[in-house]
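Structure record follows, encoded as C-alpha cells.
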Amino acid sequence: MSNTFNANFAATAIGSLPHVDIECATDLMFETLREIPCWVQLPKYDRREDMCIQYTEGLPCIKIDAEKKTVSIDDTYDTAAGLEKFYEAYLKNDPDLFQISRACSVGFYAMLKRLDQSLPASLRAVKGHVVGPVTLAGSLKLDSGILALYSDEFFDVIVKLLSMKAYWQFTKLARYKLPVLMFVDEPYLTSFGSSFMNISREKVIGALNELYEGIQSHGGLTGSHCCGNTDWAMLMESKVDIVSFDAYEFMDKYLMYWREIIAFMKRGGYLAWGIVPTSAKIADVSLEDLVKRLEEGIQFLVNKGLPKTLIKERSMVTPSCGAGTLTIEEAEKVMRLTREISVVMKEKM
C-alpha cells in the first residue's frame with residue numbers, strides 16, 4: 001500500500017446525486033469537495049447512469065430492455081464469438097477500448113471539462129469509481145437462469161471488464177498530476193455469508209485484488225465502499241488501500257474489527273468514515289451531532305492503541321452512501337455537512 005498521501009480528514013463522496021442538471025451537480029461536487037472531488041453519477045438523469053448499467057458497455061452478450069428496464073446476459077445461444085472478441089480486446093491492454101461513453105457517464109466528462117478549464121489550488125487528489133465485480137455479477141442474470149456471479153465464465157469477464165474501466169478512468173484522471181483514488185463500490189457484499197450469496201471468501205478477495213492491482217500498478221490508490229455491514233476482515237485482508245464504510249449506521253459493527261483495523265492502518269490503509277447519513281435521517285442531524293459521533297469512533301480506536309496522528313493521516317470524511325435516492329435539498333445538505341465536518345475535524349485534530 002502507498003502511504004505517501006496524507007488524507008487529513010479531506011472530504012470526498014461515493015458519487016451519486018439526484019440532480020438532472022449536470023452543471024448544477026458538478027458545481028455542488030466541486031464546491032463541497034474542495035480537496036478530493038469525484039465525478040457525479042446521475043441515475044435520475046438517465047437510466048444508463050445506474051451503477052449496474054453504467055459499466056456494462058463492452059460486456060459480451062449483454063441485453064438491455066429499455067421498456068422493461070432490465071439488464072441480462074443472453075447465453076441461450078453460442079457465446080463463443082462474443083467472448084473471443086472480448087478477450088482479444090482485453091489482451092491488447094488498451095484502456096481506450098473500454099471507455100465509458102458520455103451517454104453513460106455525463107458527470108465524468110463534466111468533471112474532466114471543469115479540471116481542464118481550471119485546476120483549483122485546493123485540490124489534493126481526484127476520485128473515480130466503478131461498480132464492484134461482486135455487485136455487478138450479483139445483479140446480472142443469465143437467460144439460462146443463474147446469476148453471472150455463479151458463472152465462472154462470465155464472472156471472469158466482468159472482473160476483467162471492470163478492471164479495464166477503472167484503468168481507463170485512471171488514465172484520464174492521472175493527467176492532472178494529482179493522486180488518483182479509484183473506488184470499487186460493493187454494496188452487494190452486505191449479503192456475503194448469507195444464504196443470498198453462495199460464494200467463497202477466496203473468490204471475492206481474488207476478484208477484488210485483480211481490480212486493485214491493476215490500478216496500484218500504475219500508481220493509484222484503491223478503495224472499496226460497502227454501505228451496510230459485511231465481513232470487514234475479509235475486505236481488510238485484501239490489497240485495498242481505503243475502506244469506506246457507513247459510520248453513521250454501522251460504526252459499532254465496523255469497530256468490532258478493531259484488531260484488523262489497527263493492522264490494516266499500520267500497514268498503510270486508510271479509512272473513509274461515511275458519517276453523514278444518506279437516508280431520511282439527514283433531515284434531523286446536525287453538524288455537532290455528527291462530529292461527536294465521529295470523535296467517539298476515533299477515540300475508541302485510540303483507546304485500543306492506534307495513534308491519533310496515524311488516524312488523522314489516514315482518515316477521510318464521506319457521506320454514508322450515494323445520495324442519488326434523496327431529494328436535491330437533502331443531497332445538498334449531505335454534501336454541505338460532509339465539507340463542514342472535514343473542516344471541523346482538521347481544526348480539532
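Ordering of the C-alpha cells sets the chain letters (A, B, ...), residue numbers begin anew at 1 in every chain, and ligands are numbered from 1 in the order given.
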
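Using only C-alpha atoms, the residues found no farther than 9 Å from Glu237 (chain A), other than those of its own chain fewer than 3 positions away, are Ile205, Trp232, Ala233, Met234, Val240, Glu260 and Phe264 of chain A.
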
Exercise for the section: Write out as a ChimeraX atom specification the residues lying within 9 Å of region 323-340 of chain A, counting only C-alpha atoms and excluding same-chain residues fewer than 2 positions away. Expected result: /A:10-19,28-29,31-34,41-44,274-280,282-283,286-287,290,317-321,342-345

Please, could you write that set of residues out with N, CA and C atoms as a CSV table (one decimal), in the first residue's frame?
```csv
chain,number,residue,atom,x,y,z
A,10,ALA,N,-9.8,14.9,4.7
A,10,ALA,CA,-10.3,15.5,3.5
A,10,ALA,C,-11.6,14.9,3.1
A,11,ALA,N,-12.5,15.7,2.5
A,11,ALA,CA,-13.8,15.2,2.2
A,11,ALA,C,-13.9,14.7,0.7
A,12,THR,N,-14.6,13.6,0.6
A,12,THR,CA,-14.9,13.1,-0.8
A,12,THR,C,-16.3,12.5,-0.7
A,13,ALA,N,-16.7,11.8,-1.8
A,13,ALA,CA,-18.1,11.3,-1.8
A,13,ALA,C,-18.1,10.0,-2.5
A,14,ILE,N,-19.2,9.3,-2.4
A,14,ILE,CA,-19.4,8.0,-3.1
A,14,ILE,C,-19.7,8.2,-4.5
A,15,GLY,N,-20.6,9.2,-4.9
A,15,GLY,CA,-20.7,9.5,-6.3
A,15,GLY,C,-22.1,10.0,-6.7
A,16,SER,N,-23.2,9.3,-6.3
A,16,SER,CA,-24.4,9.6,-7.0
A,16,SER,C,-25.2,10.8,-6.3
A,17,LEU,N,-25.8,11.6,-7.2
A,17,LEU,CA,-26.7,12.7,-6.7
A,17,LEU,C,-28.0,12.6,-7.5
A,18,PRO,N,-29.1,13.2,-6.9
A,18,PRO,CA,-30.4,13.1,-7.5
A,18,PRO,C,-30.7,14.1,-8.6
A,19,HIS,N,-29.7,14.9,-9.0
A,19,HIS,CA,-29.9,16.0,-9.9
A,19,HIS,C,-30.1,15.5,-11.4
A,28,LEU,N,-21.9,21.4,-7.3
A,28,LEU,CA,-22.0,21.0,-5.9
A,28,LEU,C,-20.8,20.2,-5.5
A,29,MET,N,-20.4,19.3,-6.4
A,29,MET,CA,-19.3,18.4,-6.0
A,29,MET,C,-18.0,19.3,-5.8
A,31,GLU,N,-17.8,22.5,-5.2
A,31,GLU,CA,-18.0,23.4,-4.1
A,31,GLU,C,-17.7,22.8,-2.7
A,32,THR,N,-18.2,21.5,-2.6
A,32,THR,CA,-18.1,20.9,-1.3
A,32,THR,C,-16.9,20.0,-1.1
A,33,LEU,N,-16.4,19.4,-2.2
A,33,LEU,CA,-15.3,18.5,-2.1
A,33,LEU,C,-14.1,19.2,-2.7
A,34,ARG,N,-13.6,20.2,-1.9
A,34,ARG,CA,-12.5,21.1,-2.5
A,34,ARG,C,-11.1,20.4,-2.5
A,41,GLN,N,-22.5,10.6,-10.5
A,41,GLN,CA,-23.4,9.6,-11.2
A,41,GLN,C,-24.8,10.2,-11.1
A,42,LEU,N,-25.6,10.2,-12.1
A,42,LEU,CA,-26.9,10.8,-12.1
A,42,LEU,C,-28.0,9.9,-12.6
A,43,PRO,N,-28.4,8.9,-11.8
A,43,PRO,CA,-29.4,7.9,-12.2
A,43,PRO,C,-30.7,8.5,-12.6
A,44,LYS,N,-31.1,9.7,-12.0
A,44,LYS,CA,-32.4,10.3,-12.4
A,44,LYS,C,-32.3,11.0,-13.7
A,274,GLY,N,-17.9,7.2,6.6
A,274,GLY,CA,-19.2,7.7,6.0
A,274,GLY,C,-20.1,8.1,7.1
A,275,ILE,N,-19.8,9.3,7.6
A,275,ILE,CA,-20.5,9.7,8.9
A,275,ILE,C,-21.8,10.5,8.6
A,276,VAL,N,-22.0,10.9,7.4
A,276,VAL,CA,-23.2,11.7,7.0
A,276,VAL,C,-24.3,10.8,6.4
A,277,PRO,N,-25.4,10.7,7.1
A,277,PRO,CA,-26.4,9.7,6.6
A,277,PRO,C,-27.0,10.2,5.3
A,278,THR,N,-27.3,9.2,4.4
A,278,THR,CA,-27.9,9.5,3.1
A,278,THR,C,-29.3,8.8,3.1
A,279,SER,N,-30.0,8.9,4.2
A,279,SER,CA,-31.4,8.4,4.3
A,279,SER,C,-32.2,9.6,4.8
A,280,ALA,N,-33.5,9.3,5.1
A,280,ALA,CA,-34.4,10.3,5.6
A,280,ALA,C,-33.8,11.0,6.9
A,282,ILE,N,-31.2,12.4,7.4
A,282,ILE,CA,-30.4,13.6,7.1
A,282,ILE,C,-31.2,14.8,7.6
A,283,ALA,N,-32.5,14.8,7.6
A,283,ALA,CA,-33.4,15.9,8.0
A,283,ALA,C,-33.1,16.3,9.4
A,286,SER,N,-27.4,17.2,12.9
A,286,SER,CA,-26.7,18.4,13.0
A,286,SER,C,-25.2,18.2,12.9
A,287,LEU,N,-24.5,19.3,12.5
A,287,LEU,CA,-23.0,19.2,12.5
A,287,LEU,C,-22.4,18.7,13.8
A,290,LEU,N,-22.9,14.9,14.4
A,290,LEU,CA,-22.1,14.1,13.6
A,290,LEU,C,-20.6,14.1,14.0
A,317,VAL,N,-13.4,11.9,5.2
A,317,VAL,CA,-14.8,12.1,5.6
A,317,VAL,C,-15.7,12.0,4.3
A,318,THR,N,-16.8,11.2,4.4
A,318,THR,CA,-17.7,11.0,3.2
A,318,THR,C,-19.1,10.9,3.7
A,319,PRO,N,-20.1,11.0,2.8
A,319,PRO,CA,-21.4,10.6,3.1
A,319,PRO,C,-21.4,9.0,3.3
A,320,SER,N,-22.5,8.5,4.0
A,320,SER,CA,-22.5,7.1,4.3
A,320,SER,C,-22.7,6.3,3.0
A,321,CYS,N,-23.3,6.9,2.0
A,321,CYS,CA,-23.5,6.1,0.7
A,321,CYS,C,-23.7,7.2,-0.4
A,342,SER,N,-15.4,17.9,7.6
A,342,SER,CA,-14.0,17.9,7.3
A,342,SER,C,-13.2,19.1,7.8
A,343,VAL,N,-13.8,20.3,7.7
A,343,VAL,CA,-13.2,21.5,8.2
A,343,VAL,C,-13.0,21.4,9.7
A,344,VAL,N,-14.1,21.0,10.4
A,344,VAL,CA,-14.1,20.9,11.9
A,344,VAL,C,-13.0,19.9,12.4
A,345,MET,N,-13.0,18.8,11.7
A,345,MET,CA,-12.0,17.7,12.2
A,345,MET,C,-10.6,18.1,11.9
```

Handout entry: Residues within 9 Å of region 102-109 of chain A, only C-alpha atoms, excluding chain neighbours under 5 positions, as a PyMOL selection string
Key = chain A and resi 22-23+25-26+38-42+46-50+53-55+57+114+128+169

Practice task
Extract, using only C-alpha atoms, all DNA, RNA and protein residues at most 12 Å from region 210-214 of chain A, discarding same-chain residues fewer than 4 positions from it, and format them as an MDAnalysis selection string.
Solution key: chainID A and resid 1 93 95 129:134 156:171 181:185 203:206 218:224 235 238:242

Output as a short mmCIF file (atom, residue, chain, number, x, y, z; two decimals) with all heavy atoms, in the first residue's frame all residues of region 73-150 of chain A that backbone DSSP marks as helix (DSSP H, G or I).
```cif
data_model
loop_
_atom_site.label_atom_id
_atom_site.label_comp_id
_atom_site.auth_asym_id
_atom_site.auth_seq_id
_atom_site.Cartn_x
_atom_site.Cartn_y
_atom_site.Cartn_z
N ALA A 80 -19.48 -18.13 -27.83
CA ALA A 80 -18.03 -18.19 -28.08
C ALA A 80 -17.51 -16.98 -28.84
O ALA A 80 -16.45 -16.43 -28.50
CB ALA A 80 -17.70 -19.48 -28.84
N ALA A 81 -18.24 -16.53 -29.86
CA ALA A 81 -17.77 -15.42 -30.68
C ALA A 81 -17.67 -14.13 -29.85
O ALA A 81 -16.68 -13.40 -29.94
CB ALA A 81 -18.70 -15.21 -31.87
N GLY A 82 -18.69 -13.88 -29.03
CA GLY A 82 -18.68 -12.69 -28.20
C GLY A 82 -17.56 -12.72 -27.18
O GLY A 82 -16.88 -11.70 -26.94
N LEU A 83 -17.37 -13.87 -26.57
CA LEU A 83 -16.30 -14.00 -25.58
C LEU A 83 -14.93 -13.88 -26.22
O LEU A 83 -14.02 -13.24 -25.65
CB LEU A 83 -16.44 -15.34 -24.84
CG LEU A 83 -17.67 -15.46 -23.94
CD1 LEU A 83 -17.85 -16.91 -23.48
CD2 LEU A 83 -17.55 -14.54 -22.72
N GLU A 84 -14.78 -14.46 -27.38
CA GLU A 84 -13.48 -14.38 -28.08
C GLU A 84 -13.14 -12.92 -28.42
O GLU A 84 -12.00 -12.48 -28.24
CB GLU A 84 -13.53 -15.22 -29.35
CG GLU A 84 -12.21 -15.23 -30.11
CD GLU A 84 -12.27 -16.08 -31.38
OE1 GLU A 84 -13.31 -16.71 -31.62
OE2 GLU A 84 -11.27 -16.09 -32.12
N LYS A 85 -14.12 -12.19 -28.89
CA LYS A 85 -13.91 -10.78 -29.24
C LYS A 85 -13.52 -9.97 -28.00
O LYS A 85 -12.64 -9.11 -28.05
CB LYS A 85 -15.18 -10.21 -29.87
CG LYS A 85 -15.05 -8.77 -30.33
CD LYS A 85 -16.35 -8.28 -30.97
CE LYS A 85 -16.23 -6.81 -31.38
NZ LYS A 85 -17.51 -6.30 -31.96
N PHE A 86 -14.18 -10.27 -26.88
CA PHE A 86 -13.88 -9.55 -25.64
C PHE A 86 -12.43 -9.80 -25.22
O PHE A 86 -11.69 -8.87 -24.90
CB PHE A 86 -14.83 -9.98 -24.51
CG PHE A 86 -14.42 -9.44 -23.17
CD1 PHE A 86 -14.75 -8.16 -22.79
CD2 PHE A 86 -13.65 -10.22 -22.29
CE1 PHE A 86 -14.34 -7.65 -21.57
CE2 PHE A 86 -13.24 -9.72 -21.07
CZ PHE A 86 -13.59 -8.43 -20.71
N TYR A 87 -12.02 -11.07 -25.17
CA TYR A 87 -10.67 -11.39 -24.71
C TYR A 87 -9.60 -10.87 -25.67
O TYR A 87 -8.50 -10.50 -25.23
CB TYR A 87 -10.53 -12.89 -24.47
CG TYR A 87 -11.12 -13.33 -23.16
CD1 TYR A 87 -12.31 -14.06 -23.11
CD2 TYR A 87 -10.51 -13.00 -21.96
CE1 TYR A 87 -12.88 -14.45 -21.90
CE2 TYR A 87 -11.07 -13.38 -20.74
CZ TYR A 87 -12.24 -14.10 -20.72
OH TYR A 87 -12.79 -14.47 -19.52
N GLU A 88 -9.90 -10.81 -26.96
CA GLU A 88 -8.96 -10.22 -27.91
C GLU A 88 -8.72 -8.75 -27.57
O GLU A 88 -7.57 -8.27 -27.58
CB GLU A 88 -9.50 -10.34 -29.34
CG GLU A 88 -9.36 -11.73 -29.95
CD GLU A 88 -9.96 -11.80 -31.34
OE1 GLU A 88 -10.51 -10.78 -31.81
OE2 GLU A 88 -9.88 -12.88 -31.96
N ALA A 89 -9.80 -8.04 -27.26
CA ALA A 89 -9.67 -6.63 -26.88
C ALA A 89 -8.94 -6.49 -25.55
O ALA A 89 -8.05 -5.64 -25.39
CB ALA A 89 -11.06 -5.98 -26.80
N TYR A 90 -9.28 -7.33 -24.60
CA TYR A 90 -8.67 -7.26 -23.27
C TYR A 90 -7.16 -7.48 -23.34
O TYR A 90 -6.38 -6.78 -22.68
CB TYR A 90 -9.32 -8.29 -22.34
CG TYR A 90 -8.65 -8.40 -20.99
CD1 TYR A 90 -8.86 -7.43 -20.02
CD2 TYR A 90 -7.80 -9.47 -20.70
CE1 TYR A 90 -8.24 -7.51 -18.79
CE2 TYR A 90 -7.18 -9.56 -19.47
CZ TYR A 90 -7.40 -8.58 -18.51
OH TYR A 90 -6.78 -8.66 -17.30
N LEU A 91 -6.73 -8.45 -24.13
CA LEU A 91 -5.31 -8.78 -24.21
C LEU A 91 -4.48 -7.70 -24.89
O LEU A 91 -3.25 -7.68 -24.75
CB LEU A 91 -5.13 -10.11 -24.95
CG LEU A 91 -5.63 -11.35 -24.18
CD1 LEU A 91 -5.59 -12.59 -25.05
CD2 LEU A 91 -4.80 -11.56 -22.90
N PRO A 95 -6.71 0.71 -22.63
CA PRO A 95 -7.90 1.14 -21.88
C PRO A 95 -8.92 1.88 -22.74
O PRO A 95 -10.11 1.87 -22.42
CB PRO A 95 -7.32 2.04 -20.79
CG PRO A 95 -5.97 2.46 -21.29
CD PRO A 95 -5.48 1.32 -22.12
N ASP A 96 -8.47 2.51 -23.83
CA ASP A 96 -9.42 3.23 -24.67
C ASP A 96 -10.43 2.31 -25.35
O ASP A 96 -11.48 2.77 -25.81
CB ASP A 96 -8.67 4.05 -25.73
CG ASP A 96 -7.99 5.27 -25.13
OD1 ASP A 96 -8.44 5.73 -24.06
OD2 ASP A 96 -7.00 5.75 -25.71
N LEU A 97 -10.13 1.02 -25.40
CA LEU A 97 -11.09 0.06 -25.95
C LEU A 97 -12.23 -0.21 -24.97
O LEU A 97 -13.22 -0.85 -25.33
CB LEU A 97 -10.39 -1.26 -26.29
CG LEU A 97 -9.32 -1.20 -27.39
CD1 LEU A 97 -8.64 -2.55 -27.54
CD2 LEU A 97 -9.94 -0.75 -28.72
N PHE A 98 -12.07 0.29 -23.73
CA PHE A 98 -13.07 0.02 -22.68
C PHE A 98 -13.57 1.32 -22.05
O PHE A 98 -13.95 1.34 -20.88
CB PHE A 98 -12.47 -0.90 -21.62
CG PHE A 98 -12.13 -2.26 -22.15
CD1 PHE A 98 -10.88 -2.52 -22.70
CD2 PHE A 98 -13.06 -3.29 -22.11
CE1 PHE A 98 -10.56 -3.78 -23.18
CE2 PHE A 98 -12.75 -4.54 -22.60
CZ PHE A 98 -11.49 -4.79 -23.15
N VAL A 106 -22.25 11.22 -18.03
CA VAL A 106 -22.10 12.65 -18.34
C VAL A 106 -21.30 13.37 -17.26
O VAL A 106 -20.56 14.31 -17.54
CB VAL A 106 -23.48 13.33 -18.51
CG1 VAL A 106 -24.15 12.90 -19.79
CG2 VAL A 106 -24.38 13.07 -17.31
N GLY A 107 -21.41 12.90 -16.02
CA GLY A 107 -20.70 13.53 -14.92
C GLY A 107 -19.20 13.40 -15.02
O GLY A 107 -18.45 14.30 -14.62
N PHE A 108 -18.73 12.28 -15.57
CA PHE A 108 -17.29 12.08 -15.71
C PHE A 108 -16.72 13.10 -16.69
O PHE A 108 -15.70 13.75 -16.43
CB PHE A 108 -17.00 10.66 -16.19
CG PHE A 108 -15.53 10.35 -16.30
CD1 PHE A 108 -14.75 10.21 -15.17
CD2 PHE A 108 -14.93 10.22 -17.55
CE1 PHE A 108 -13.39 9.94 -15.27
CE2 PHE A 108 -13.58 9.94 -17.66
CZ PHE A 108 -12.80 9.80 -16.51
N TYR A 109 -17.40 13.26 -17.80
CA TYR A 109 -16.92 14.20 -18.82
C TYR A 109 -17.07 15.66 -18.34
O TYR A 109 -16.25 16.51 -18.68
CB TYR A 109 -17.67 13.98 -20.13
CG TYR A 109 -17.28 12.66 -20.78
CD1 TYR A 109 -17.95 11.48 -20.47
CD2 TYR A 109 -16.21 12.60 -21.66
CE1 TYR A 109 -17.58 10.27 -21.05
CE2 TYR A 109 -15.83 11.39 -22.25
CZ TYR A 109 -16.51 10.22 -21.93
OH TYR A 109 -16.14 9.03 -22.50
N ALA A 110 -18.10 15.93 -17.54
CA ALA A 110 -18.26 17.27 -16.97
C ALA A 110 -17.11 17.58 -16.01
O ALA A 110 -16.61 18.71 -15.96
CB ALA A 110 -19.60 17.38 -16.26
N MET A 111 -16.69 16.57 -15.25
CA MET A 111 -15.57 16.76 -14.32
C MET A 111 -14.28 17.03 -15.09
O MET A 111 -13.52 17.94 -14.74
CB MET A 111 -15.40 15.52 -13.43
CG MET A 111 -14.26 15.62 -12.44
SD MET A 111 -14.04 14.07 -11.52
CE MET A 111 -12.82 14.57 -10.30
N LEU A 112 -14.02 16.26 -16.13
CA LEU A 112 -12.80 16.47 -16.92
C LEU A 112 -12.79 17.87 -17.54
O LEU A 112 -11.76 18.55 -17.54
CB LEU A 112 -12.70 15.41 -18.02
CG LEU A 112 -12.53 13.95 -17.59
CD1 LEU A 112 -12.36 13.07 -18.83
CD2 LEU A 112 -11.36 13.76 -16.64
N LYS A 113 -13.94 18.30 -18.05
CA LYS A 113 -14.04 19.63 -18.65
C LYS A 113 -13.71 20.70 -17.62
O LYS A 113 -12.97 21.66 -17.90
CB LYS A 113 -15.44 19.84 -19.22
CG LYS A 113 -15.64 21.21 -19.88
CD LYS A 113 -17.06 21.34 -20.40
CE LYS A 113 -17.28 22.73 -20.99
NZ LYS A 113 -18.69 22.90 -21.48
N ARG A 114 -14.25 20.53 -16.42
CA ARG A 114 -14.00 21.51 -15.35
C ARG A 114 -12.52 21.54 -14.96
O ARG A 114 -11.94 22.61 -14.77
CB ARG A 114 -14.88 21.16 -14.14
CG ARG A 114 -14.89 22.20 -13.03
CD ARG A 114 -15.62 23.45 -13.47
NE ARG A 114 -17.01 23.16 -13.84
CZ ARG A 114 -18.02 23.19 -12.99
NH1 ARG A 114 -17.80 23.47 -11.70
NH2 ARG A 114 -19.25 22.94 -13.41
N LEU A 115 -11.92 20.38 -14.84
CA LEU A 115 -10.50 20.32 -14.46
C LEU A 115 -9.60 20.85 -15.58
O LEU A 115 -8.55 21.44 -15.31
CB LEU A 115 -10.12 18.88 -14.11
CG LEU A 115 -10.76 18.32 -12.84
CD1 LEU A 115 -10.44 16.83 -12.69
CD2 LEU A 115 -10.30 19.08 -11.60
N ASP A 116 -10.01 20.64 -16.81
CA ASP A 116 -9.24 21.17 -17.93
C ASP A 116 -9.27 22.70 -17.95
O ASP A 116 -8.29 23.36 -18.33
CB ASP A 116 -9.79 20.64 -19.27
CG ASP A 116 -9.44 19.18 -19.51
OD1 ASP A 116 -8.49 18.68 -18.86
OD2 ASP A 116 -10.12 18.53 -20.33
N GLN A 117 -10.40 23.26 -17.56
CA GLN A 117 -10.55 24.71 -17.56
C GLN A 117 -9.75 25.37 -16.44
O GLN A 117 -9.14 26.42 -16.64
CB GLN A 117 -12.03 25.08 -17.42
CG GLN A 117 -12.88 24.75 -18.63
CD GLN A 117 -14.35 24.95 -18.38
OE1 GLN A 117 -14.82 25.03 -17.23
NE2 GLN A 117 -15.13 25.02 -19.47
N PRO A 133 -17.11 -6.00 -8.94
CA PRO A 133 -17.47 -7.19 -9.71
C PRO A 133 -18.50 -8.08 -9.03
O PRO A 133 -19.34 -8.69 -9.70
CB PRO A 133 -16.13 -7.92 -9.87
CG PRO A 133 -15.27 -7.42 -8.76
CD PRO A 133 -15.69 -6.00 -8.55
N VAL A 134 -18.46 -8.17 -7.70
CA VAL A 134 -19.43 -9.00 -6.99
C VAL A 134 -20.83 -8.39 -7.12
O VAL A 134 -21.82 -9.08 -7.37
CB VAL A 134 -19.03 -9.17 -5.52
CG1 VAL A 134 -20.11 -9.94 -4.75
CG2 VAL A 134 -17.68 -9.88 -5.40
N THR A 135 -20.90 -7.06 -6.98
CA THR A 135 -22.19 -6.38 -7.09
C THR A 135 -22.77 -6.47 -8.50
O THR A 135 -23.95 -6.77 -8.68
CB THR A 135 -22.05 -4.91 -6.66
OG1 THR A 135 -21.68 -4.87 -5.27
CG2 THR A 135 -23.34 -4.14 -6.86
N LEU A 136 -21.93 -6.23 -9.51
CA LEU A 136 -22.43 -6.30 -10.88
C LEU A 136 -22.82 -7.72 -11.25
O LEU A 136 -23.91 -7.96 -11.79
CB LEU A 136 -21.38 -5.77 -11.86
CG LEU A 136 -21.83 -5.72 -13.33
CD1 LEU A 136 -23.10 -4.90 -13.49
CD2 LEU A 136 -20.72 -5.17 -14.23
N ALA A 137 -21.96 -8.69 -10.94
CA ALA A 137 -22.26 -10.09 -11.27
C ALA A 137 -23.45 -10.60 -10.47
O ALA A 137 -24.18 -11.49 -10.93
CB ALA A 137 -21.04 -10.97 -11.03
N GLY A 138 -23.65 -10.05 -9.28
CA GLY A 138 -24.78 -10.46 -8.46
C GLY A 138 -26.09 -9.83 -8.87
O GLY A 138 -27.16 -10.22 -8.39
N SER A 139 -26.02 -8.86 -9.78
CA SER A 139 -27.24 -8.19 -10.24
C SER A 139 -27.61 -8.58 -11.67
O SER A 139 -28.70 -8.26 -12.14
CB SER A 139 -27.08 -6.67 -10.16
OG SER A 139 -26.16 -6.22 -11.13
N ALA A 148 -24.78 -14.16 -12.97
CA ALA A 148 -23.42 -14.15 -13.51
C ALA A 148 -22.40 -14.44 -12.42
O ALA A 148 -21.31 -14.94 -12.70
CB ALA A 148 -23.13 -12.80 -14.16
N LEU A 149 -22.76 -14.17 -11.18
CA LEU A 149 -21.88 -14.43 -10.05
C LEU A 149 -21.50 -15.91 -9.95
O LEU A 149 -20.43 -16.26 -9.48
CB LEU A 149 -22.57 -13.98 -8.75
CG LEU A 149 -21.76 -13.96 -7.46
CD1 LEU A 149 -20.60 -12.97 -7.56
CD2 LEU A 149 -22.65 -13.61 -6.27
N TYR A 150 -22.38 -16.78 -10.42
CA TYR A 150 -22.15 -18.22 -10.32
C TYR A 150 -21.73 -18.85 -11.65
O TYR A 150 -21.69 -20.07 -11.78
CB TYR A 150 -23.40 -18.90 -9.77
CG TYR A 150 -23.85 -18.30 -8.46
CD1 TYR A 150 -25.12 -17.74 -8.31
CD2 TYR A 150 -22.98 -18.25 -7.37
CE1 TYR A 150 -25.51 -17.17 -7.11
CE2 TYR A 150 -23.37 -17.67 -6.17
CZ TYR A 150 -24.62 -17.13 -6.04
OH TYR A 150 -25.00 -16.55 -4.85
#
```

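The two atoms in question, CA of Thr190 (chain A) and CA of Thr230 (chain A), are spaced 4.8 Å apart.
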
Practice task
Rounded to one decimal place, report the CA of Lys141 (chain A)-CA of Pro187 (chain A) distance in Å.
Solution key: 17.3 Å

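Remark: for Trp273 (chain A), the closest of the candidate residues A:Ala174, A:Leu140, A:Leu119, A:Leu294 is A:Leu294 (distances computed over only C-alpha atoms).
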
Practice task
Please give the complete set of residues from region 15-254 of chain A that DSSP, run on the backbone, assigns to strand (DSSP E or B), formatted as a PyMOL selection string.
Solution key: chain A and resi 16+38+41+62-65+70-73+126-131+141-142+147+180-185+221-226+242-246

Can I get the selection written as a PDB file, in the first residue's frame, with C-alpha atoms?
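Full text of out-v5.pdb as output:
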```pdb
ATOM      1  CA  SER A  16     -24.443   9.631  -6.976  1.00  0.00           C
ATOM      2  CA  CYS A  38     -15.267  12.944  -7.623  1.00  0.00           C
ATOM      3  CA  GLN A  41     -23.421   9.615 -11.196  1.00  0.00           C
ATOM      4  CA  ILE A  62     -25.429  -8.083 -22.771  1.00  0.00           C
ATOM      5  CA  LYS A  63     -29.149  -7.478 -23.316  1.00  0.00           C
ATOM      6  CA  ILE A  64     -30.766  -4.235 -22.150  1.00  0.00           C
ATOM      7  CA  ASP A  65     -34.548  -3.975 -22.337  1.00  0.00           C
ATOM      8  CA  THR A  70     -33.981  -4.858 -17.216  1.00  0.00           C
ATOM      9  CA  VAL A  71     -30.418  -5.920 -17.981  1.00  0.00           C
ATOM     10  CA  SER A  72     -29.362  -9.525 -18.545  1.00  0.00           C
ATOM     11  CA  ILE A  73     -26.832 -11.711 -20.341  1.00  0.00           C
ATOM     12  CA  VAL A 126      -9.169  13.239  -7.609  1.00  0.00           C
ATOM     13  CA  LYS A 127     -11.543  10.287  -7.272  1.00  0.00           C
ATOM     14  CA  GLY A 128     -13.128   7.920  -9.759  1.00  0.00           C
ATOM     15  CA  HIS A 129     -15.261   4.827  -9.216  1.00  0.00           C
ATOM     16  CA  VAL A 130     -16.579   1.641 -10.737  1.00  0.00           C
ATOM     17  CA  VAL A 131     -19.159  -0.824  -9.522  1.00  0.00           C
ATOM     18  CA  LYS A 141     -28.895 -12.788 -14.551  1.00  0.00           C
ATOM     19  CA  LEU A 142     -28.062 -15.087 -17.415  1.00  0.00           C
ATOM     20  CA  LEU A 147     -26.671 -15.131 -11.811  1.00  0.00           C
ATOM     21  CA  VAL A 180      -5.851   9.285  -8.126  1.00  0.00           C
ATOM     22  CA  LEU A 181      -8.264   7.407  -5.865  1.00  0.00           C
ATOM     23  CA  MET A 182     -10.250   4.692  -7.647  1.00  0.00           C
ATOM     24  CA  PHE A 183     -13.117   3.194  -5.656  1.00  0.00           C
ATOM     25  CA  VAL A 184     -14.647  -0.210  -6.345  1.00  0.00           C
ATOM     26  CA  ASP A 185     -18.159   0.028  -4.877  1.00  0.00           C
ATOM     27  CA  LEU A 221      -4.812   4.321  -4.618  1.00  0.00           C
ATOM     28  CA  THR A 222      -7.780   1.963  -4.437  1.00  0.00           C
ATOM     29  CA  GLY A 223     -10.846   1.993  -2.233  1.00  0.00           C
ATOM     30  CA  SER A 224     -13.943  -0.094  -1.666  1.00  0.00           C
ATOM     31  CA  HIS A 225     -17.249   1.133  -0.333  1.00  0.00           C
ATOM     32  CA  CYS A 226     -19.887  -1.053   1.277  1.00  0.00           C
ATOM     33  CA  ILE A 242      -9.058   2.558   1.532  1.00  0.00           C
ATOM     34  CA  VAL A 243     -12.035   1.015   3.323  1.00  0.00           C
ATOM     35  CA  SER A 244     -15.167   3.136   3.016  1.00  0.00           C
ATOM     36  CA  PHE A 245     -17.949   2.303   5.468  1.00  0.00           C
ATOM     37  CA  ASP A 246     -21.240   3.665   6.803  1.00  0.00           C
TER      38      ASP A 246
END
```

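Here CA of Asn8 (chain A) is placed at a distance of 5.1 Å from CA of Lys312 (chain A).
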
Problem - Non-local contacts of Ser191 (chain A) (12 Å; only C-alpha atoms; under 2 positions in same chain excluded) as a ChimeraX atom specification - result: /A:134-135,138,186-189,193-199,226-231
